[in-house]
Amino acid sequence: MLLKVEELSAGYTGVDVIRSLDLHIDKGEVVALLGPNGAGKTTTLLALAGVLAPSSGRVLYRDAPLRGALHVRARRGISYISEGGSVFSRLTTLANLKLGPGPVEDALTLFPELEPLLKRPAGLLSGGEQRMLALGRSLAGKPDLLLVDELSLGLAPLIVTRLLGRLRAAADAGTAVLIVEQHASQVLSVSDRGHVLRRGRLAMSGTGEELLASSEALQSAYLSAGPEEEEHEPAGG
């Protein structure tokens with residue numbers, strides 16, 4: 001087991017947003033973390049990425065406690081893409097790619113659409129191009145674990161399908177992918193397993209196929225979520 005989360009609680013200003021969370025992810029899996037705004041999805045990723053310190057519980061990575069800030073975890077093979085893409089808007093596309101852990105050529109092989117845009121500032125790219133830039137830069141480094149927050153936010157379905165296809169291919173090559181999404185159908189189609197968060201706790205779990213087939217139960221899990229956590233968690237998660 002690559003990553004194991006045990007009784008994890010975390011939040012902001014002394015208020016826990018996620019409570020006693022248990023989950024795991026193995027090498028080569030895509031696991032979707034679903035739920036409405038404020039359910040605790042982004043908080044979970046921030047705690048796993050080392051951006052937010054948990055209030056209790058523990059995270060095991062390769063059977064050892066996972067500690068340290070984001071850059072420390074990056075050296076252990078963990079890559080994190082935040083909501084919005086994690087690009088440096090004033091730098092060119094090429095400069096952004098050079099900051100990544102892998103060869104620029106590998107990122108361009110994944111997303112050849114970026115090649116004519118190498119001299120363009122990343123801030124002038126479209127939303128889809130920025131996501132390709134962030135994802136290509138991360139995947140070029142062949143991470144062991146990739147944490148992705150709201151990849152599809154504001155994008156056309158065709159672009160989302162392309163990005164999710166690259167995530168699925170990366171998982172098939174051995175990368176473990178934990179992806180946060182609010183919209184379930186597309187991400188579940190490429191996911192091995194999924195979890196639905198409600199008020200900071202797991203409300204549903206199953207394979208991607210099982211959750212897709214349980215549309216009424218999935219909708220109920222979304223609609224039953226209260227607004228309590230939305231006051232504390234960053235927008236989107």
# chains A, B, ... in the order shown; residues from 1 in each chain; ligands from 1

call {"tool": "residues_around", "arguments": {"residues": "Gln186 (chain A)", "least_positions_apart": "6", "cutoff": "12 Å", "atoms": "only C-alpha atoms", "output": "PyMOL selection string"}}
result
chain A and resi 32+34+151-152+156-165+168+179+208-209+211-212

call {"tool": "write_last_selection", "arguments": {"atoms": "N, CA and C atoms", "output": "PDB file, in the first residue's frame"}}
result
ATOM      1  N   ALA A  32     -10.904   8.734  -6.745  1.00  0.00           N
ATOM      2  CA  ALA A  32     -11.605  10.015  -6.791  1.00  0.00           C
ATOM      3  C   ALA A  32     -12.149  10.360  -5.414  1.00  0.00           C
ATOM      4  N   LEU A  34     -14.837  12.794  -3.918  1.00  0.00           N
ATOM      5  CA  LEU A  34     -15.970  13.559  -4.418  1.00  0.00           C
ATOM      6  C   LEU A  34     -16.735  14.219  -3.284  1.00  0.00           C
ATOM      7  N   LEU A 151      -9.451  19.326 -11.249  1.00  0.00           N
ATOM      8  CA  LEU A 151      -8.842  19.425 -12.577  1.00  0.00           C
ATOM      9  C   LEU A 151      -9.814  19.976 -13.612  1.00  0.00           C
ATOM     10  N   SER A 152     -11.096  19.670 -13.468  1.00  0.00           N
ATOM     11  CA  SER A 152     -12.072  19.998 -14.510  1.00  0.00           C
ATOM     12  C   SER A 152     -12.688  21.380 -14.355  1.00  0.00           C
ATOM     13  N   ALA A 156     -14.166  22.771 -20.710  1.00  0.00           N
ATOM     14  CA  ALA A 156     -15.090  22.058 -21.589  1.00  0.00           C
ATOM     15  C   ALA A 156     -14.917  20.552 -21.416  1.00  0.00           C
ATOM     16  N   PRO A 157     -15.995  19.789 -21.581  1.00  0.00           N
ATOM     17  CA  PRO A 157     -15.919  18.335 -21.391  1.00  0.00           C
ATOM     18  C   PRO A 157     -14.841  17.651 -22.221  1.00  0.00           C
ATOM     19  N   LEU A 158     -14.606  18.103 -23.449  1.00  0.00           N
ATOM     20  CA  LEU A 158     -13.584  17.465 -24.286  1.00  0.00           C
ATOM     21  C   LEU A 158     -12.186  17.637 -23.693  1.00  0.00           C
ATOM     22  N   ILE A 159     -11.911  18.809 -23.144  1.00  0.00           N
ATOM     23  CA  ILE A 159     -10.613  19.044 -22.505  1.00  0.00           C
ATOM     24  C   ILE A 159     -10.478  18.180 -21.258  1.00  0.00           C
ATOM     25  N   VAL A 160     -11.558  18.097 -20.488  1.00  0.00           N
ATOM     26  CA  VAL A 160     -11.537  17.270 -19.275  1.00  0.00           C
ATOM     27  C   VAL A 160     -11.254  15.814 -19.627  1.00  0.00           C
ATOM     28  N   THR A 161     -11.895  15.325 -20.680  1.00  0.00           N
ATOM     29  CA  THR A 161     -11.673  13.945 -21.117  1.00  0.00           C
ATOM     30  C   THR A 161     -10.212  13.716 -21.469  1.00  0.00           C
ATOM     31  N   ARG A 162      -9.608  14.679 -22.135  1.00  0.00           N
ATOM     32  CA  ARG A 162      -8.192  14.549 -22.507  1.00  0.00           C
ATOM     33  C   ARG A 162      -7.292  14.520 -21.274  1.00  0.00           C
ATOM     34  N   LEU A 163      -7.538  15.403 -20.334  1.00  0.00           N
ATOM     35  CA  LEU A 163      -6.729  15.449 -19.118  1.00  0.00           C
ATOM     36  C   LEU A 163      -6.892  14.172 -18.292  1.00  0.00           C
ATOM     37  N   LEU A 164      -8.128  13.727 -18.153  1.00  0.00           N
ATOM     38  CA  LEU A 164      -8.370  12.506 -17.380  1.00  0.00           C
ATOM     39  C   LEU A 164      -7.750  11.289 -18.053  1.00  0.00           C
ATOM     40  N   GLY A 165      -7.724  11.302 -19.381  1.00  0.00           N
ATOM     41  CA  GLY A 165      -7.073  10.207 -20.100  1.00  0.00           C
ATOM     42  C   GLY A 165      -5.591  10.126 -19.783  1.00  0.00           C
ATOM     43  N   ARG A 168      -5.244   8.629 -16.329  1.00  0.00           N
ATOM     44  CA  ARG A 168      -5.450   7.184 -16.353  1.00  0.00           C
ATOM     45  C   ARG A 168      -4.212   6.475 -16.901  1.00  0.00           C
ATOM     46  N   ILE A 179      -7.538  12.249  -6.904  1.00  0.00           N
ATOM     47  CA  ILE A 179      -8.079  13.431  -7.562  1.00  0.00           C
ATOM     48  C   ILE A 179      -9.354  13.888  -6.878  1.00  0.00           C
ATOM     49  N   GLY A 208     -15.280   2.737  -9.101  1.00  0.00           N
ATOM     50  CA  GLY A 208     -15.817   3.742 -10.002  1.00  0.00           C
ATOM     51  C   GLY A 208     -17.110   3.287 -10.648  1.00  0.00           C
ATOM     52  N   GLU A 209     -17.152   2.034 -11.079  1.00  0.00           N
ATOM     53  CA  GLU A 209     -18.355   1.493 -11.713  1.00  0.00           C
ATOM     54  C   GLU A 209     -19.527   1.455 -10.745  1.00  0.00           C
ATOM     55  N   LEU A 211     -20.098   3.350  -8.098  1.00  0.00           N
ATOM     56  CA  LEU A 211     -20.603   4.687  -7.805  1.00  0.00           C
ATOM     57  C   LEU A 211     -21.342   5.276  -8.997  1.00  0.00           C
ATOM     58  N   LEU A 212     -20.858   5.007 -10.202  1.00  0.00           N
ATOM     59  CA  LEU A 212     -21.572   5.478 -11.391  1.00  0.00           C
ATOM     60  C   LEU A 212     -22.953   4.851 -11.493  1.00  0.00           C
TER      61      LEU A 212
END

call {"tool": "select_by_dssp", "arguments": {"residues": "region 55-87 of chain A", "states": "strand (DSSP E or B)", "output": "count of residues only"}}
result
12

call {"tool": "atom_distance", "arguments": {"atom1": "CA of Gln182 (chain A)", "atom2": "CA of Ala140 (chain A)"}}
result
26.1 Å

call {"tool": "residues_around", "arguments": {"residues": "Leu202 (chain A)", "least_positions_apart": "6", "cutoff": "8 Å", "atoms": "only C-alpha atoms", "output": "list in words"}}
result
Leu21, His195 and Val196 of chain A

call {"tool": "write_last_selection", "arguments": {"atoms": "C-alpha atoms", "output": "PDB file, in the first residue's frame"}}
result
ATOM      1  CA  LEU A  21     -10.813  10.226   7.863  1.00  0.00           C
ATOM      2  CA  HIS A 195     -15.117   8.176  -1.967  1.00  0.00           C
ATOM      3  CA  VAL A 196     -17.827  10.757  -1.291  1.00  0.00           C
TER       4      VAL A 196
END

call {"tool": "closest_residue", "arguments": {"among": "A:Val180, A:Leu114, A:Glu216, A:Arg201", "to": "Ser9 (chain A)", "atoms": "only C-alpha atoms"}}
result
A:Arg201
